[in-house]
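Peer 1: Just protein-v8.cif, nothing more (mmCIF, C-alpha atoms):
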data_model
loop_
_atom_site.label_atom_id
_atom_site.label_comp_id
_atom_site.auth_asym_id
_atom_site.auth_seq_id
_atom_site.Cartn_x
_atom_site.Cartn_y
_atom_site.Cartn_z
CA MET A 17 -10.93 23.58 6.02
CA ALA A 18 -13.03 21.13 4.03
CA PHE A 19 -11.72 19.97 0.68
CA PRO A 20 -14.16 19.83 -2.29
CA PRO A 21 -15.73 16.38 -2.85
CA LEU A 22 -13.59 14.02 -4.94
CA ASP A 23 -15.81 14.45 -8.05
CA SER A 24 -16.02 18.25 -7.78
CA PRO A 25 -15.08 20.31 -10.88
CA GLN A 26 -12.75 22.23 -8.52
CA TRP A 27 -10.24 19.40 -8.93
CA GLN A 28 -10.25 19.52 -12.76
CA SER A 29 -7.39 21.99 -13.01
CA PRO A 30 -3.98 20.96 -11.64
CA TRP A 31 -3.44 24.59 -10.62
CA HIS A 32 -6.50 24.45 -8.39
CA ALA A 33 -5.12 21.26 -6.82
CA PHE A 34 -1.78 23.04 -6.30
CA ALA A 35 -3.63 25.93 -4.60
CA TRP A 36 -5.51 23.49 -2.32
CA GLY A 37 -2.16 21.93 -1.37
CA LEU A 38 -0.80 25.39 -0.60
CA ARG A 39 -3.80 26.18 1.58
CA ALA A 40 -3.44 22.88 3.43
CA ILE A 41 -0.34 24.21 5.25
CA THR A 42 -2.70 26.27 7.43
CA GLN A 43 -4.38 23.04 8.57
CA THR A 44 -1.56 21.52 10.55
CA ILE A 45 0.29 22.30 13.78
CA LEU A 46 3.39 20.86 12.10
CA THR A 47 3.69 24.08 10.06
CA LEU A 48 4.24 25.94 13.34
CA VAL A 49 6.77 23.35 14.51
CA LEU A 50 8.63 23.67 11.19
CA PHE A 51 8.60 27.45 11.53
CA ALA A 52 10.15 27.26 15.02
CA THR A 53 12.71 24.68 13.86
CA TYR A 54 13.81 26.72 10.84
CA LEU A 55 13.90 29.91 12.91
CA GLY A 56 16.41 28.00 15.06
CA ILE A 57 18.35 26.72 12.01
CA GLY A 58 18.66 30.31 10.69
CA ALA A 59 19.98 31.46 14.08
CA LEU A 60 22.30 28.43 14.32
CA ALA A 61 23.71 29.17 10.84
CA HIS A 62 24.37 32.76 11.89
CA ASP A 63 26.10 31.83 15.15
CA THR A 64 28.28 29.18 13.45
CA HIS A 65 29.35 31.80 10.87
CA PHE A 66 27.54 30.61 7.78
CA SER A 67 26.05 33.14 5.34
CA LEU A 68 22.31 33.69 4.90
CA ALA A 69 22.54 32.51 1.27
CA TRP A 70 24.19 29.31 2.53
CA ALA A 71 21.40 28.75 5.07
CA LEU A 72 18.68 29.34 2.45
CA ALA A 73 20.42 27.09 -0.09
CA SER A 74 20.65 24.33 2.51
CA THR A 75 16.90 24.59 3.16
CA LEU A 76 16.06 24.62 -0.55
CA PHE A 77 18.37 21.81 -1.68
CA VAL A 78 18.72 19.61 1.41
CA TRP A 79 15.18 20.08 2.76
CA ALA A 80 15.63 17.88 5.80
CA GLY A 81 15.93 19.57 9.19
CA PRO A 82 18.04 16.88 10.90
CA ALA A 83 20.54 16.75 8.01
CA GLN A 84 20.83 20.54 8.00
CA ILE A 85 21.47 20.70 11.74
CA ILE A 86 23.99 17.85 11.56
CA LEU A 87 25.73 19.60 8.67
CA ILE A 88 25.89 22.97 10.46
CA THR A 89 26.98 21.62 13.86
CA THR A 90 29.60 19.19 12.49
CA LEU A 91 31.13 21.67 10.03
CA GLY A 92 30.90 24.40 12.68
CA SER A 93 32.78 22.30 15.24
CA GLY A 94 35.61 21.56 12.82
CA ALA A 95 34.70 18.17 11.31
CA THR A 96 36.06 17.38 7.84
CA VAL A 97 33.83 17.35 4.74
CA ILE A 98 33.98 13.54 4.69
CA GLN A 99 32.97 13.21 8.38
CA SER A 100 30.03 15.58 7.86
CA ALA A 101 28.98 13.81 4.67
CA ILE A 102 28.92 10.44 6.47
CA ALA A 103 26.85 11.80 9.38
CA VAL A 104 24.43 13.49 6.95
CA THR A 105 24.02 10.44 4.73
CA VAL A 106 23.32 8.14 7.68
CA SER A 107 20.68 10.57 8.98
CA ALA A 108 19.16 10.68 5.47
CA ILE A 109 18.72 6.92 5.00
CA ARG A 110 15.31 7.24 6.65
CA LEU A 111 14.19 9.30 3.60
CA PHE A 112 14.48 6.18 1.45
CA PRO A 113 11.63 4.22 3.09
CA MET A 114 9.59 7.43 3.31
CA VAL A 115 9.85 8.07 -0.44
CA VAL A 116 9.20 4.40 -1.16
CA SER A 117 6.02 4.43 0.91
CA VAL A 118 4.66 7.85 -0.09
CA LEU A 119 5.02 7.82 -3.89
CA PRO A 120 2.57 4.93 -4.49
CA LEU A 121 -0.11 7.18 -2.92
CA MET A 122 0.13 9.57 -5.89
CA ARG A 123 1.12 7.28 -8.74
CA THR A 124 -1.38 6.42 -11.50
CA PRO A 125 -0.80 3.77 -14.20
CA THR A 126 0.30 6.54 -16.62
CA THR A 127 2.52 8.52 -14.21
CA LYS A 128 6.07 9.01 -15.49
CA ARG A 129 8.97 8.88 -13.07
CA ARG A 130 10.06 12.48 -13.77
CA GLU A 131 6.62 13.78 -12.77
CA LEU A 132 7.34 12.46 -9.27
CA PHE A 133 10.74 14.18 -9.01
CA PHE A 134 9.57 17.19 -6.98
CA ALA A 135 7.32 15.06 -4.79
CA ALA A 136 10.36 12.86 -4.00
CA HIS A 137 12.53 15.91 -3.26
CA LEU A 138 9.86 17.42 -1.00
CA THR A 139 9.43 14.21 0.98
CA ALA A 140 10.56 14.63 4.59
CA VAL A 141 8.88 13.72 7.82
CA THR A 142 6.27 16.51 7.79
CA LEU A 143 5.18 15.94 4.21
CA TRP A 144 5.17 12.19 4.76
CA VAL A 145 2.84 12.50 7.76
CA GLU A 146 0.54 14.98 6.02
CA CYS A 147 0.32 12.97 2.79
CA HIS A 148 -1.10 10.04 4.70
CA ARG A 149 -3.65 12.42 6.28
CA PHE A 150 -4.65 14.60 3.28
CA LEU A 151 -4.26 12.46 0.15
CA PRO A 152 -7.31 10.22 0.69
CA GLN A 153 -9.37 13.42 0.28
CA VAL A 154 -7.72 14.32 -3.05
CA PRO A 155 -8.57 12.61 -6.38
CA ARG A 156 -5.67 10.39 -7.45
CA GLY A 157 -5.03 12.23 -10.72
CA ARG A 158 -4.46 15.51 -8.90
CA ARG A 159 -2.37 14.28 -5.99
CA ILE A 160 1.03 15.18 -7.48
CA ALA A 161 -0.10 18.79 -8.04
CA PHE A 162 -1.55 18.89 -4.53
CA VAL A 163 1.69 17.59 -2.96
CA ASN A 164 3.76 20.06 -4.99
CA GLY A 165 1.57 22.87 -3.63
CA LEU A 166 1.82 21.59 -0.06
CA GLY A 167 5.61 21.24 -0.34
CA PHE A 168 6.01 24.64 -2.02
CA GLY A 169 4.07 26.21 0.86
CA LEU A 170 6.13 24.46 3.54
CA VAL A 171 9.45 25.35 1.86
CA SER A 172 8.35 29.01 1.64
CA VAL A 173 7.44 29.06 5.34
CA CYS A 174 10.86 27.61 6.21
CA LEU A 175 12.83 30.02 3.98
CA THR A 176 11.01 32.91 5.67
CA ALA A 177 11.73 31.44 9.12
CA ASN A 178 15.43 30.99 8.23
CA THR A 179 15.73 34.63 7.21
CA ILE A 180 13.96 35.91 10.33
CA GLY A 181 16.03 33.64 12.60
CA TYR A 182 19.27 34.71 10.94
CA PHE A 183 18.57 38.42 11.46
CA LEU A 184 17.21 37.91 14.97
CA ALA A 185 20.40 36.10 15.96
CA ALA A 186 22.41 38.98 14.53
CA ASN A 187 20.43 41.72 16.27
CA LEU A 188 18.86 40.38 19.44
CA THR A 189 20.25 40.54 22.95
CA GLN A 190 22.29 37.52 23.97
CA THR A 191 19.46 36.02 26.05
CA LEU A 192 16.85 36.17 23.29
CA GLY A 193 19.41 34.89 20.79
CA ALA A 194 19.99 31.93 23.11
CA ALA A 195 16.22 31.37 23.32
CA ILE A 196 16.01 31.06 19.53
CA LEU A 197 18.96 28.65 19.40
CA LEU A 198 17.27 26.54 22.08
CA LEU A 199 14.23 26.09 19.78
CA THR A 200 16.17 23.62 17.64
CA PRO A 201 17.01 20.93 20.22
CA LEU A 202 13.60 21.29 21.91
CA SER A 203 11.49 21.05 18.75
CA PHE A 204 13.56 18.16 17.39
CA LEU A 205 13.54 16.24 20.65
CA PHE A 206 9.77 16.48 21.03
CA SER A 207 8.82 15.98 17.39
CA THR A 208 11.06 12.91 17.20
CA ALA A 209 9.62 11.61 20.49
CA ARG A 210 6.12 12.14 19.13
CA ASN A 211 6.90 10.18 15.97
CA SER A 212 8.40 7.31 17.96
CA ARG A 213 5.78 4.62 17.79
CA GLU A 214 7.96 1.61 18.48
CA VAL A 215 10.10 0.78 21.48
CA ALA A 216 13.23 0.73 19.29
CA ASP A 217 12.64 4.40 18.37
CA VAL A 218 12.24 5.48 22.00
CA VAL A 219 15.35 3.56 23.12
CA ALA A 220 17.38 4.98 20.20
CA LEU A 221 16.33 8.53 21.07
CA ALA A 222 16.98 8.27 24.82
CA LEU A 223 20.26 6.32 24.53
CA GLY A 224 21.44 8.56 21.69
CA VAL A 225 21.08 11.61 23.95
CA LEU A 226 22.74 9.91 26.94
CA LEU A 227 25.64 8.29 25.05
CA TYR A 228 26.71 11.41 23.15
CA PRO A 229 28.52 13.05 26.14
CA LEU A 230 30.45 9.78 26.68
CA ALA A 231 31.39 9.51 23.00
CA ALA A 232 32.43 13.18 22.99
CA LYS A 233 34.99 12.40 25.73
CA MET A 234 36.85 10.16 23.28
CA ASN A 235 37.34 13.20 21.08
CA SER A 236 37.65 11.16 17.90
CA GLY A 237 35.91 13.69 15.64
CA LEU A 238 33.34 11.00 14.93
CA ASP A 239 31.51 11.40 18.25
CA ILE A 240 28.04 11.61 16.75
CA LEU A 241 28.60 8.62 14.46
CA VAL A 242 29.98 6.51 17.31
CA SER A 243 27.19 7.30 19.78
CA GLY A 244 24.58 6.97 17.01
CA LEU A 245 25.80 3.55 15.84
CA VAL A 246 26.11 2.18 19.37
CA ALA A 247 22.79 3.56 20.64
CA GLY A 248 20.95 2.64 17.42
CA THR A 249 22.32 -0.90 17.41
CA ILE A 250 21.39 -1.42 21.08
CA ALA A 251 17.88 -0.11 20.28
CA TYR A 252 17.66 -2.57 17.40
CA GLY A 253 18.81 -5.31 19.79
CA VAL A 254 15.95 -4.46 22.13
CA HIS A 255 13.51 -4.61 19.21
CA TRP A 256 14.94 -7.96 18.07
CA TRP A 257 14.81 -9.43 21.59
CA ARG A 258 11.16 -8.43 21.97
CA GLU A 259 10.32 -9.97 18.57
CA VAL A 260 12.05 -13.22 19.49
CA ARG A 261 10.22 -13.44 22.81
CA ALA A 262 6.84 -12.60 21.27
CA MET B 5 25.63 43.36 7.43
CA SER B 6 27.13 43.58 3.93
CA ALA B 7 26.05 41.76 0.77
CA ALA B 8 29.29 39.76 0.85
CA GLN B 9 28.49 38.53 4.36
CA LEU B 10 24.99 37.48 3.31
CA ILE B 11 26.19 35.54 0.27
CA GLY B 12 29.37 34.14 1.77
CA ASP B 13 32.10 32.45 -0.21
CA TRP B 14 31.83 29.88 -2.97
CA HIS B 15 33.93 27.38 -1.10
CA ALA B 16 31.31 27.15 1.67
CA LEU B 17 28.55 26.63 -0.91
CA PHE B 18 30.66 23.91 -2.55
CA VAL B 19 31.04 22.19 0.83
CA LEU B 20 27.26 22.46 1.30
CA PHE B 21 26.71 20.43 -1.88
CA VAL B 22 29.41 17.84 -1.25
CA ALA B 23 28.77 17.29 2.48
CA GLY B 24 25.05 18.13 2.61
CA VAL B 25 23.01 18.06 -0.58
CA ILE B 26 24.45 14.98 -2.33
CA PRO B 27 24.70 12.64 0.74
CA ASN B 28 21.12 13.60 1.66
CA GLN B 29 19.50 13.60 -1.78
CA ILE B 30 20.93 10.27 -2.89
CA TRP B 31 18.44 8.38 -0.66
CA ARG B 32 15.41 10.16 -2.08
CA MET B 33 16.55 9.47 -5.62
CA LEU B 34 17.18 5.80 -4.79
CA GLY B 35 13.66 5.69 -3.38
CA LEU B 36 12.31 7.20 -6.60
CA TRP B 37 14.22 4.69 -8.79
CA PHE B 38 13.88 1.49 -6.83
CA GLY B 39 10.59 2.28 -5.14
CA GLY B 40 8.80 -0.97 -5.93
CA GLY B 41 10.07 -3.94 -4.00
CA ILE B 42 11.15 -2.74 -0.55
CA ASP B 43 9.25 -3.83 2.52
CA GLU B 44 8.89 -0.85 4.85
CA GLY B 45 8.96 -3.11 7.90
CA SER B 46 12.10 -5.08 6.95
CA GLU B 47 14.64 -5.71 9.71
CA LEU B 48 17.40 -3.77 7.95
CA LEU B 49 15.23 -0.68 7.80
CA VAL B 50 14.31 -1.01 11.48
CA TRP B 51 18.04 -0.93 12.32
CA VAL B 52 18.71 1.95 9.92
CA ARG B 53 15.89 3.96 11.43
CA ALA B 54 17.17 3.31 14.96
CA VAL B 55 20.69 4.46 14.03
CA ALA B 56 19.33 7.54 12.24
CA THR B 57 17.21 8.42 15.29
CA ALA B 58 20.20 7.97 17.62
CA ILE B 59 22.39 10.19 15.42
CA LEU B 60 19.74 12.91 15.55
CA ALA B 61 19.57 12.44 19.33
CA GLY B 62 23.35 12.91 19.48
CA VAL B 63 23.03 16.18 17.58
CA ILE B 64 20.32 17.38 19.98
CA ALA B 65 22.64 16.52 22.89
CA GLN B 66 25.60 18.22 21.21
CA ILE B 67 23.73 21.53 20.87
CA VAL B 68 22.80 21.43 24.57
CA VAL B 69 26.12 20.09 25.93
CA GLU B 70 28.49 22.11 23.70
CA PRO B 71 26.26 25.07 22.82
CA PRO B 72 27.03 27.30 19.83
CA GLY B 73 27.05 31.11 19.87
CA ALA B 74 24.65 32.93 22.15
CA LEU B 75 23.46 29.69 23.77
CA ALA B 76 26.90 29.35 25.39
CA SER B 77 26.01 32.36 27.58
CA VAL B 78 23.33 30.26 29.33
CA PRO B 79 24.66 28.33 32.38
CA ASP B 80 24.74 24.49 32.10
CA VAL B 81 22.10 23.98 34.75
CA LEU B 82 19.60 26.18 32.88
CA ARG B 83 20.15 24.45 29.54
CA TYR B 84 19.76 20.96 31.02
CA GLY B 85 16.89 22.17 33.22
CA ALA B 86 15.09 23.65 30.20
CA VAL B 87 15.25 20.32 28.34
CA CYS B 88 14.02 18.41 31.43
CA ALA B 89 11.20 20.90 32.14
CA GLY B 90 10.13 20.76 28.49
CA LEU B 91 10.20 16.95 28.56
CA VAL B 92 8.04 16.77 31.69
CA VAL B 93 5.44 19.14 30.21
CA PHE B 94 5.58 17.29 26.87
CA LEU B 95 4.76 14.00 28.65
CA LEU B 96 2.10 15.56 30.91
CA THR B 97 0.29 17.15 27.94
CA ARG B 98 0.02 13.82 26.11
CA ARG B 99 2.97 14.61 23.87
CA SER B 100 2.20 18.18 22.81
CA ILE B 101 5.30 19.42 20.93
CA PHE B 102 4.14 23.01 21.29
CA ALA B 103 3.64 22.84 25.08
CA GLY B 104 7.03 21.14 25.54
CA VAL B 105 8.91 23.75 23.51
CA VAL B 106 7.15 26.67 25.28
CA ALA B 107 7.86 25.16 28.73
CA GLY B 108 11.56 24.68 27.94
CA GLU B 109 11.90 28.23 26.66
CA VAL B 110 10.04 29.71 29.64
CA PHE B 111 12.25 27.75 32.06
CA MET B 112 15.42 29.02 30.42
CA LEU B 113 14.26 32.65 30.19
CA ALA B 114 12.88 32.69 33.76
CA GLY B 115 16.13 31.18 35.06
CA LYS B 116 18.22 33.76 33.20
CA TRP B 117 16.06 36.52 34.66
CA TRP B 118 16.21 35.01 38.16
CA LEU B 119 20.00 34.67 38.08
CA GLY B 120 20.26 38.21 36.69
#
Represent the structure from my file as structure tokens, please.

Peer 2:
Amino acid sequence: MAFPPLDSPQWQSPWHAFAWGLRAITQTILTLVLFATYLGIGALAHDTHFSLAWALASTLFVWAGPAQIILITTLGSGATVIQSAIAVTVSAIRLFPMVVSVLPLMRTPTTKRRELFFAAHLTAVTLWVECHRFLPQVPRGRRIAFVNGLGFGLVSVCLTANTIGYFLAANLTQTLGAAILLLTPLSFLFSTARNSREVADVVALALGVLLYPLAAKMNSGLDILVSGLVAGTIAYGVHWWREVRA
Amino acid sequence: MSAAQLIGDWHALFVLFVAGVIPNQIWRMLGLWFGGGIDEGSELLVWVRAVATAILAGVIAQIVVEPPGALASVPDVLRYGAVCAGLVVFLLTRRSIFAGVVAGEVFMLAGKWWLG
């Protein structure tokens, strides 16, 4: 799909820009990855005894796959509200630098903060990656509308996937139900590995996977936080050591 | 499935907001308010990103090691094997997420079929 040239009259209406954003979801493999992930989240919500409305509300209002999976697995395995909230908020800190780096791409000197509200809410790893790819082809004054369209399209895809996954988990044979649940760890492992550009990210991912079973043996109820803090800090240590040597 | 099952109870939705929506959304709103002066490459953010990645890795491991629902019917060796097979294909295909996921799924389904 080729976007209209930057000075094309096609960009004059914000609604046209919104529609171009919506159409952009067909231009990325990440839409398919999101679909598979949210199919898995719908199935996971079903098998951990959450309602469909709960699963859809989590997609709409949380809109961050890792946080949703952390929330479902921790609450589902008996963690307290506080323990879940801590694990979710730590996983969500990464949204802060993403929002900080993506909003300047759409801001103009006259942009008011509230106009960026939806763009900030929609910011998650997929949108962040795609903004850097698509926005240079969109005139600055229409970028907010474009991003709202792109985000609206991605959220719709994920709500649909949640619903399908939820009903599949309820109605499929055990083996196919297991196959859908397996989509979540696989798609997250590989999409995180793909986004790992620095050594610290790779070490954090590998150590985080390996240390979890050890932390789980302590049975503290904070297993994920413990393994995450230890593995993440070691990964940071590796990064720091390489910087010092360089 | 009844309407009540699909909607669930209000307590669960309340927990969703307290444990999920607010702790997650707070960081986006901070980014919106204090967007200006943060250096994306600062050391603190490198550490934060590493911890966040490791927490996500722990969740991935938890789903495979202590599987929920239907996934618990799959023997350990097939679940671990599926992740390893997917990882090998992911690396061989120059980090294709799609190829890795398909390979993992095929391994698990073929193993289930093989074991009967």

Peer 1: May I have the residues at most 10 Å from (26.5, 30.0, 5.7) in the file's coordinates, counting all atoms listed in the file, as a list in words?

Peer 2: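 With a cut-off of 10 Å, the residues come to Gly58, Leu60, Ala61, His62, Asp63, Thr64, His65, Phe66, Ser67, Leu68, Ala69, Trp70, Ala71, Leu72, Ala73, Ser74, Ile88 and Gly92 of chain A; Gln9, Leu10, Ile11, Gly12, Asp13, Ala16, Leu17 and Leu20 of chain B.
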
Peer 1: Which residues, named as in the file, does the PyMOL selection byres ((chain B and resi 109) around 8) pick out? Answer as a PyMOL selection string.

Peer 2: (chain A and resi 195+198-199) or (chain B and resi 86+90+105-108+110-113)

Peer 1: Residues picked by the PyMOL selection byres ((chain A) within 7 of (chain B)) here, as number ranges by chain?

Peer 2: A: 63-64, 67-70, 74, 77-78, 82, 86-87, 97-98, 100-101, 104-113, 115-116, 136-137, 190, 193-195, 197, 199, 201-203, 205-207, 210, 216-217, 220-221, 224-225, 228, 240-241, 243-245, 247-249, 251-252

Peer 1: Those residues with C-alpha atoms, as a short mmCIF file (atom, residue, chain, number, x, y, z; two decimals), in the coordinates of the input please?

Peer 2:
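selection-v3.cif written:
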data_model
loop_
_atom_site.label_atom_id
_atom_site.label_comp_id
_atom_site.auth_asym_id
_atom_site.auth_seq_id
_atom_site.Cartn_x
_atom_site.Cartn_y
_atom_site.Cartn_z
CA ASP A 63 26.10 31.83 15.15
CA THR A 64 28.28 29.18 13.45
CA SER A 67 26.05 33.14 5.34
CA LEU A 68 22.31 33.69 4.90
CA ALA A 69 22.54 32.51 1.27
CA TRP A 70 24.19 29.31 2.53
CA SER A 74 20.65 24.33 2.51
CA PHE A 77 18.37 21.81 -1.68
CA VAL A 78 18.72 19.61 1.41
CA PRO A 82 18.04 16.88 10.90
CA ILE A 86 23.99 17.85 11.56
CA LEU A 87 25.73 19.60 8.67
CA VAL A 97 33.83 17.35 4.74
CA ILE A 98 33.98 13.54 4.69
CA SER A 100 30.03 15.58 7.86
CA ALA A 101 28.98 13.81 4.67
CA VAL A 104 24.43 13.49 6.95
CA THR A 105 24.02 10.44 4.73
CA VAL A 106 23.32 8.14 7.68
CA SER A 107 20.68 10.57 8.98
CA ALA A 108 19.16 10.68 5.47
CA ILE A 109 18.72 6.92 5.00
CA ARG A 110 15.31 7.24 6.65
CA LEU A 111 14.19 9.30 3.60
CA PHE A 112 14.48 6.18 1.45
CA PRO A 113 11.63 4.22 3.09
CA VAL A 115 9.85 8.07 -0.44
CA VAL A 116 9.20 4.40 -1.16
CA ALA A 136 10.36 12.86 -4.00
CA HIS A 137 12.53 15.91 -3.26
CA GLN A 190 22.29 37.52 23.97
CA GLY A 193 19.41 34.89 20.79
CA ALA A 194 19.99 31.93 23.11
CA ALA A 195 16.22 31.37 23.32
CA LEU A 197 18.96 28.65 19.40
CA LEU A 199 14.23 26.09 19.78
CA PRO A 201 17.01 20.93 20.22
CA LEU A 202 13.60 21.29 21.91
CA SER A 203 11.49 21.05 18.75
CA LEU A 205 13.54 16.24 20.65
CA PHE A 206 9.77 16.48 21.03
CA SER A 207 8.82 15.98 17.39
CA ARG A 210 6.12 12.14 19.13
CA ALA A 216 13.23 0.73 19.29
CA ASP A 217 12.64 4.40 18.37
CA ALA A 220 17.38 4.98 20.20
CA LEU A 221 16.33 8.53 21.07
CA GLY A 224 21.44 8.56 21.69
CA VAL A 225 21.08 11.61 23.95
CA TYR A 228 26.71 11.41 23.15
CA ILE A 240 28.04 11.61 16.75
CA LEU A 241 28.60 8.62 14.46
CA SER A 243 27.19 7.30 19.78
CA GLY A 244 24.58 6.97 17.01
CA LEU A 245 25.80 3.55 15.84
CA ALA A 247 22.79 3.56 20.64
CA GLY A 248 20.95 2.64 17.42
CA THR A 249 22.32 -0.90 17.41
CA ALA A 251 17.88 -0.11 20.28
CA TYR A 252 17.66 -2.57 17.40
#

Peer 1: What lies within 12 Å of stretch 18-22 of chain A using all atoms listed in the file, ignoring chain neighbours under 3 positions off, as a list in words?

Peer 2: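 The neighbour list is Pro25, Gln26, Trp27, Gln28, His32, Ala33, Ala35, Trp36, Gly37, Arg39, Ala40, Gln43, Phe150, Leu151, Pro152, Gln153, Val154, Pro155, Arg156, Gly157, Arg158, Arg159 and Phe162 of chain A.
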
Peer 1: Which residues are near A:Thr42? Cut-off 10 Å, all atoms listed in the file, ignore same chain within fewer than 5 positions. Put them as a list in words.

Peer 2: Met17, Gly37, Thr47, Leu48, Leu166, Gly169 and Leu170 of chain A

Peer 1: Please produce stretch 120-133 of chain A, completed to N, CA and C atoms, as a PDB file, in the coordinates of the input.

Peer 2:
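Generated output (result24.pdb):
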ATOM      1  N   PRO A 120       3.709   5.720  -3.975  1.00  0.00           N
ATOM      2  CA  PRO A 120       2.570   4.930  -4.490  1.00  0.00           C
ATOM      3  C   PRO A 120       1.221   5.589  -4.220  1.00  0.00           C
ATOM      4  N   LEU A 121       1.152   6.488  -3.216  1.00  0.00           N
ATOM      5  CA  LEU A 121      -0.110   7.180  -2.920  1.00  0.00           C
ATOM      6  C   LEU A 121      -0.516   8.113  -4.055  1.00  0.00           C
ATOM      7  N   MET A 122       0.465   8.607  -4.833  1.00  0.00           N
ATOM      8  CA  MET A 122       0.130   9.570  -5.890  1.00  0.00           C
ATOM      9  C   MET A 122       0.281   9.033  -7.304  1.00  0.00           C
ATOM     10  N   ARG A 123       0.859   7.829  -7.417  1.00  0.00           N
ATOM     11  CA  ARG A 123       1.120   7.280  -8.740  1.00  0.00           C
ATOM     12  C   ARG A 123      -0.187   6.812  -9.394  1.00  0.00           C
ATOM     13  N   THR A 124      -0.305   7.036 -10.728  1.00  0.00           N
ATOM     14  CA  THR A 124      -1.380   6.420 -11.500  1.00  0.00           C
ATOM     15  C   THR A 124      -0.690   5.525 -12.538  1.00  0.00           C
ATOM     16  N   PRO A 125      -1.464   4.663 -13.241  1.00  0.00           N
ATOM     17  CA  PRO A 125      -0.800   3.770 -14.200  1.00  0.00           C
ATOM     18  C   PRO A 125      -0.012   4.530 -15.278  1.00  0.00           C
ATOM     19  N   THR A 126      -0.377   5.803 -15.549  1.00  0.00           N
ATOM     20  CA  THR A 126       0.300   6.540 -16.620  1.00  0.00           C
ATOM     21  C   THR A 126       1.354   7.517 -16.100  1.00  0.00           C
ATOM     22  N   THR A 127       1.567   7.562 -14.769  1.00  0.00           N
ATOM     23  CA  THR A 127       2.520   8.520 -14.210  1.00  0.00           C
ATOM     24  C   THR A 127       3.944   8.189 -14.638  1.00  0.00           C
ATOM     25  N   LYS A 128       4.660   9.219 -15.155  1.00  0.00           N
ATOM     26  CA  LYS A 128       6.070   9.010 -15.490  1.00  0.00           C
ATOM     27  C   LYS A 128       6.925   9.342 -14.287  1.00  0.00           C
ATOM     28  N   ARG A 129       8.116   8.721 -14.238  1.00  0.00           N
ATOM     29  CA  ARG A 129       8.970   8.880 -13.070  1.00  0.00           C
ATOM     30  C   ARG A 129       9.341  10.354 -12.844  1.00  0.00           C
ATOM     31  N   ARG A 130       9.616  11.090 -13.956  1.00  0.00           N
ATOM     32  CA  ARG A 130      10.060  12.480 -13.770  1.00  0.00           C
ATOM     33  C   ARG A 130       8.968  13.353 -13.173  1.00  0.00           C
ATOM     34  N   GLU A 131       7.704  12.983 -13.365  1.00  0.00           N
ATOM     35  CA  GLU A 131       6.620  13.780 -12.770  1.00  0.00           C
ATOM     36  C   GLU A 131       6.648  13.693 -11.250  1.00  0.00           C
ATOM     37  N   LEU A 132       7.290  12.648 -10.725  1.00  0.00           N
ATOM     38  CA  LEU A 132       7.340  12.460  -9.270  1.00  0.00           C
ATOM     39  C   LEU A 132       8.604  13.064  -8.658  1.00  0.00           C
ATOM     40  N   PHE A 133       9.460  13.683  -9.496  1.00  0.00           N
ATOM     41  CA  PHE A 133      10.740  14.180  -9.010  1.00  0.00           C
ATOM     42  C   PHE A 133      10.584  15.162  -7.844  1.00  0.00           C
TER      43      PHE A 133
END
